[in-house]
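Asker: The following block contains the structure, expressed as structure tokens.
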Amino acid sequence: MHIDFAPPSGGTYNNAGSSRQLTSYMEHEDLERMEKGIYTDGFFNLTDDNIYKSKVIKDIDSNIGQLLKTDAKFFAIHVSPSESELRIMGNTEQEKTEAMKRYIREVFIPEYAKNFNKELSASDIKFYGKIHFDRSRSDNELNMHCHLIVSRKDQSNKKKLSPLTNHKNTKKGTIIGGFDRANLFQQAEQGFDRLFGYNRQLSESFEYANTMKNSSIDDKLKMQEQELKEPKQYSTGENKKEIFQSGEKENMISYNLNSKADNKQSYNQQNNNSGDFLLSIFSLGDGSNYDATLAEELQAQKRKKKKKKGIRR
């Protein structure tokens, strides 16, 4: 499962103004599929399906109480199951679509709300989702994924909610609550496994990806060793076989332990070639993550100081 938060930009993901540009992008695939007579699915939220784009725009754009002109008004999130995860979600596109919406409603949004540590539930989150079925730059057979547009404010239009803050469960100060993205990724993954009865291999887990990206060489090698010893499961019709890695592969561990320097260089190269998304499971360890909430608060404080100085004579 790959989950990422699209970085704000001057184009499609510009979230300081109207949501019209993003929602139009989210709907672009429908026109192509309708021309071919292929199944499409409209916008959805926690309770309703086939919602019109005009309602999405109006609802998101009007839920901006007390936000400044330059503040983020909404956030874009991508939820992309792997091919093996998609296969367990159904046989047809319609079945996979319904399974995806169920996952978003029953697992992802509840976990998203919980991560703000403000006693919020799924019903407090104002969001709309749109299923996409293709990826132009992918060679995978299955590419279904979900785009979410989530309001910066809660349903009551009173609480500011930012998943881009670097604060985590803070009790006092400028930002109360915060958001723990690592915990969200892990809980969303575990929730998927429970919902669909998915037997996840270590190599496709959040723990593995996070360790291989952000941990020390020793921890990475230990994770590799653990992964090589894990029984591998492959589907053969209705039966599943457990196949252990050969002793030849296990012997690679001792070789790796004796060549940490070479491994460190190769890991760094892998890290530098990671995806372009700013805040995904592959960039959790970056200490330079942009904290949108804190930046907005600092801007607001600067404005107040400027106003005070202007009054003095």
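Residues are referred to by chain and number: the chain letter is A, B, ... according to the order shown in the structure tokens, the number counts from 1 in that chain, and ligands are numbered separately from 1 in the order shown.
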Can you list, as a compact mmCIF listing (two decimals) with all heavy atoms, in the first residue's frame, every protein, DNA or RNA residue that comes within 12 Å of Gly90 of chain A when you count only C-alpha atoms, leaving out same-chain residues fewer than 5 positions away?
Answerer:
```txt
# COMPACT_ATOMS: atom_id res chain seq x y z
N GLU A 83 -0.36 -4.36 -6.79
CA GLU A 83 -1.08 -5.31 -7.65
C GLU A 83 -1.62 -6.48 -6.84
O GLU A 83 -2.75 -6.91 -7.04
CB GLU A 83 -0.17 -5.81 -8.76
CG GLU A 83 0.00 -4.84 -9.92
CD GLU A 83 0.57 -5.50 -11.15
OE1 GLU A 83 1.81 -5.53 -11.28
OE2 GLU A 83 -0.22 -5.98 -11.99
N SER A 84 -0.80 -7.01 -5.92
CA SER A 84 -1.25 -8.16 -5.13
C SER A 84 -2.39 -7.77 -4.20
O SER A 84 -3.30 -8.57 -3.95
CB SER A 84 -0.07 -8.74 -4.33
OG SER A 84 0.50 -7.76 -3.49
N GLU A 85 -2.36 -6.55 -3.68
CA GLU A 85 -3.46 -6.08 -2.84
C GLU A 85 -4.74 -5.91 -3.65
O GLU A 85 -5.83 -6.26 -3.21
CB GLU A 85 -3.08 -4.76 -2.17
CG GLU A 85 -2.03 -4.91 -1.08
CD GLU A 85 -1.48 -3.57 -0.59
OE1 GLU A 85 -1.46 -2.59 -1.38
OE2 GLU A 85 -1.05 -3.51 0.58
N GLU A 95 -16.10 -4.50 -8.55
CA GLU A 95 -15.86 -5.10 -7.23
C GLU A 95 -14.69 -4.42 -6.53
O GLU A 95 -14.75 -4.13 -5.33
CB GLU A 95 -15.59 -6.60 -7.38
CG GLU A 95 -16.81 -7.41 -7.77
CD GLU A 95 -16.49 -8.88 -7.98
OE1 GLU A 95 -15.28 -9.24 -7.98
OE2 GLU A 95 -17.43 -9.67 -8.15
N LYS A 96 -13.64 -4.15 -7.28
CA LYS A 96 -12.48 -3.48 -6.70
C LYS A 96 -12.82 -2.05 -6.27
O LYS A 96 -12.34 -1.56 -5.24
CB LYS A 96 -11.32 -3.47 -7.70
CG LYS A 96 -10.65 -4.82 -7.92
CD LYS A 96 -9.54 -4.72 -8.95
CE LYS A 96 -8.72 -5.99 -9.04
NZ LYS A 96 -9.51 -7.17 -9.44
N THR A 97 -13.66 -1.39 -7.06
CA THR A 97 -14.08 -0.03 -6.72
C THR A 97 -14.85 0.00 -5.42
O THR A 97 -14.60 0.84 -4.54
CB THR A 97 -14.96 0.57 -7.85
OG1 THR A 97 -14.18 0.68 -9.04
CG2 THR A 97 -15.48 1.94 -7.47
N GLU A 98 -15.80 -0.91 -5.26
CA GLU A 98 -16.59 -0.96 -4.03
C GLU A 98 -15.71 -1.31 -2.84
O GLU A 98 -15.89 -0.78 -1.74
CB GLU A 98 -17.73 -1.98 -4.17
CG GLU A 98 -18.81 -1.57 -5.16
CD GLU A 98 -19.38 -0.19 -4.85
OE1 GLU A 98 -19.71 0.07 -3.68
OE2 GLU A 98 -19.47 0.63 -5.79
N ALA A 99 -14.74 -2.19 -3.05
CA ALA A 99 -13.81 -2.57 -1.98
C ALA A 99 -12.94 -1.38 -1.59
O ALA A 99 -12.68 -1.14 -0.40
CB ALA A 99 -12.94 -3.74 -2.42
N MET A 100 -12.49 -0.61 -2.58
CA MET A 100 -11.67 0.56 -2.30
C MET A 100 -12.45 1.59 -1.49
O MET A 100 -11.94 2.16 -0.51
CB MET A 100 -11.18 1.19 -3.60
CG MET A 100 -10.43 2.51 -3.42
SD MET A 100 -8.86 2.33 -2.53
CE MET A 100 -7.75 2.00 -3.90
N LEU A 142 -2.58 -4.04 -13.16
CA LEU A 142 -3.64 -3.40 -12.37
C LEU A 142 -3.09 -2.09 -11.79
O LEU A 142 -2.03 -2.09 -11.17
CB LEU A 142 -4.10 -4.32 -11.24
CG LEU A 142 -4.65 -5.68 -11.67
CD1 LEU A 142 -4.94 -6.54 -10.44
CD2 LEU A 142 -5.92 -5.51 -12.50
N MET A 144 -5.45 0.50 -10.34
CA MET A 144 -6.50 1.27 -9.69
C MET A 144 -5.97 1.94 -8.42
O MET A 144 -5.22 1.34 -7.66
CB MET A 144 -7.69 0.37 -9.32
CG MET A 144 -8.93 1.17 -8.92
SD MET A 144 -10.25 0.10 -8.33
CE MET A 144 -9.72 -0.17 -6.65
N PHE A 196 -9.53 -7.23 4.53
CA PHE A 196 -9.58 -8.14 3.38
C PHE A 196 -8.92 -9.50 3.64
O PHE A 196 -8.83 -10.32 2.73
CB PHE A 196 -8.92 -7.48 2.16
CG PHE A 196 -9.62 -6.23 1.71
CD1 PHE A 196 -9.01 -4.99 1.88
CD2 PHE A 196 -10.89 -6.27 1.16
CE1 PHE A 196 -9.65 -3.82 1.47
CE2 PHE A 196 -11.54 -5.11 0.76
CZ PHE A 196 -10.93 -3.88 0.91
```
Asker: Out of segment 47-163 of chain A, which residues get strand (DSSP E) from DSSP, as a list in words?
Answerer: Phe74, Phe75, Ala76, Ile77, His78, Val79, Ser80, Phe127, Tyr128, Gly129, Lys130, Ile131, His132, His145, Cys146, His147, Leu148, Ile149, Val150 and Ser151 of chain A
Asker: Take the residues from that selection and write them out as a short mmCIF file (atom, residue, chain, number, x, y, z; two decimals), in the first residue's frame, keeping N, CA and C atoms.
Answerer:
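Below is the file selection-v1.cif, written as the result:
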```
data_model
loop_
_atom_site.label_atom_id
_atom_site.label_comp_id
_atom_site.auth_asym_id
_atom_site.auth_seq_id
_atom_site.Cartn_x
_atom_site.Cartn_y
_atom_site.Cartn_z
N PHE A 74 -7.22 22.91 1.46
CA PHE A 74 -7.50 21.48 1.35
C PHE A 74 -6.18 20.75 1.10
N PHE A 75 -6.23 19.43 1.18
CA PHE A 75 -5.06 18.60 0.92
C PHE A 75 -5.42 17.47 -0.03
N ALA A 76 -4.46 17.08 -0.85
CA ALA A 76 -4.67 15.98 -1.79
C ALA A 76 -3.88 14.76 -1.31
N ILE A 77 -4.56 13.62 -1.26
CA ILE A 77 -3.95 12.38 -0.79
C ILE A 77 -4.17 11.29 -1.85
N HIS A 78 -3.14 10.49 -2.09
CA HIS A 78 -3.24 9.37 -3.02
C HIS A 78 -3.14 8.06 -2.22
N VAL A 79 -4.06 7.16 -2.48
CA VAL A 79 -4.04 5.83 -1.85
C VAL A 79 -3.94 4.81 -2.97
N SER A 80 -2.80 4.12 -3.04
CA SER A 80 -2.52 3.24 -4.17
C SER A 80 -2.15 1.83 -3.71
N PHE A 127 -14.36 15.23 3.26
CA PHE A 127 -13.52 14.74 2.17
C PHE A 127 -14.37 14.22 1.02
N TYR A 128 -13.74 14.14 -0.13
CA TYR A 128 -14.34 13.50 -1.30
C TYR A 128 -13.28 12.65 -1.98
N GLY A 129 -13.69 11.51 -2.49
CA GLY A 129 -12.77 10.60 -3.15
C GLY A 129 -13.16 10.35 -4.59
N LYS A 130 -12.17 9.94 -5.38
CA LYS A 130 -12.42 9.61 -6.79
C LYS A 130 -11.49 8.47 -7.18
N ILE A 131 -12.08 7.41 -7.73
CA ILE A 131 -11.30 6.26 -8.14
C ILE A 131 -10.75 6.47 -9.54
N HIS A 132 -9.46 6.20 -9.72
CA HIS A 132 -8.84 6.18 -11.04
C HIS A 132 -8.41 4.74 -11.33
N HIS A 145 -6.34 3.21 -8.23
CA HIS A 145 -5.92 3.96 -7.04
C HIS A 145 -6.99 5.00 -6.73
N CYS A 146 -6.86 5.64 -5.60
CA CYS A 146 -7.89 6.59 -5.16
C CYS A 146 -7.27 7.95 -4.87
N HIS A 147 -7.89 9.00 -5.43
CA HIS A 147 -7.52 10.38 -5.13
C HIS A 147 -8.49 10.93 -4.08
N LEU A 148 -7.96 11.53 -3.05
CA LEU A 148 -8.79 12.14 -2.01
C LEU A 148 -8.51 13.63 -1.94
N ILE A 149 -9.56 14.42 -1.83
CA ILE A 149 -9.41 15.85 -1.53
C ILE A 149 -10.05 16.06 -0.17
N VAL A 150 -9.24 16.50 0.78
CA VAL A 150 -9.68 16.60 2.18
C VAL A 150 -9.63 18.06 2.62
N SER A 151 -10.71 18.56 3.16
CA SER A 151 -10.78 19.95 3.60
C SER A 151 -9.81 20.21 4.75
#
```
Asker: Pick out the residues sitting within 9 Å of Lys160 of chain A, and hand them over as a PyMOL selection string; count only C-alpha atoms, and ignore anything fewer than 6 positions along from it in its own chain.
Answerer: chain A and resi 67+152-154+293
Asker: So what do you get for atom CA of Ser203 of chain A versus atom CA of Ser82 of chain A, distance-wise?
Answerer: 12.4 Å
Asker: So, with only C-alpha atoms as the atoms that count, which of A:Ser138, A:Thr40, A:Ser156, A:Asn115 lies closest to Gly65 of chain A?
Answerer: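 When distances to Gly65 of chain A are compared using only C-alpha atoms, the smallest one comes from A:Ser156.
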Asker: So that I can see what lies close to segment 102-111 of chain A, please list as a count of residues only the residues with an atom at most 7 Å from it, counting only C-alpha atoms and leaving out residues fewer than 5 positions away in the same chain.
Answerer: 8
Asker: Just want the 10 Å neighbourhood of Asp30 of chain A, counted on only C-alpha atoms, with same-chain residues fewer than 2 positions away dropped. Output as a ChimeraX atom specification.
Answerer: /A:26-28,32-36,38-42,131-133
Asker: Mind writing the picked residues with C-alpha atoms as a short mmCIF file (atom, residue, chain, number, x, y, z; two decimals), in the first residue's frame?
Answerer:
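Just written: part.cif:
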```
data_model
loop_
_atom_site.label_atom_id
_atom_site.label_comp_id
_atom_site.auth_asym_id
_atom_site.auth_seq_id
_atom_site.Cartn_x
_atom_site.Cartn_y
_atom_site.Cartn_z
CA MET A 26 -9.74 14.06 -10.63
CA GLU A 27 -12.58 13.75 -13.15
CA HIS A 28 -10.51 13.77 -16.37
CA GLU A 32 -11.87 9.01 -21.76
CA ARG A 33 -13.60 5.95 -20.33
CA MET A 34 -17.10 7.12 -21.26
CA GLU A 35 -16.01 7.62 -24.87
CA LYS A 36 -14.92 3.97 -24.89
CA ILE A 38 -16.06 1.67 -20.06
CA TYR A 39 -17.30 1.65 -16.46
CA THR A 40 -16.83 4.90 -14.50
CA ASP A 41 -17.53 5.86 -10.90
CA GLY A 42 -18.34 9.35 -9.56
CA ILE A 131 -11.30 6.26 -8.14
CA HIS A 132 -8.84 6.18 -11.04
CA PHE A 133 -8.18 2.98 -12.97
#
```
Asker: Could you please write out, as a PyMOL selection string, every residue of segment 12-202 of chain A that DSSP assigns to alpha helix (DSSP H)?
Answerer: chain A and resi 20-35+53-61+83-88+93-103+109-114+181-196
Asker: Counting only C-alpha atoms, which of A:Gln201, A:Asn117, A:Ser54, A:Gln94 gets nearest to Gln226 of chain A?
Answerer: A:Gln201
Asker: Any idea what the distance is between atom CA of Glu204 of chain A and atom CA of Lys229 of chain A?
Answerer: 14.8 Å
Asker: Mind giving me the straight-line distance from atom CA of Ala16 of chain A to atom CA of Leu164 of chain A in Å, one decimal?
Answerer: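 Atom CA of Ala16 of chain A sits 14.2 Å away from atom CA of Leu164 of chain A.
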Asker: Using only C-alpha atoms, pick whichever of A:Leu68, A:Glu230, A:Tyr13, A:Glu141 has the shortest atom-to-atom distance to Arg87 of chain A.
Answerer: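 Looking at the shortest contact to Arg87 of chain A, the residue is A:Glu141.
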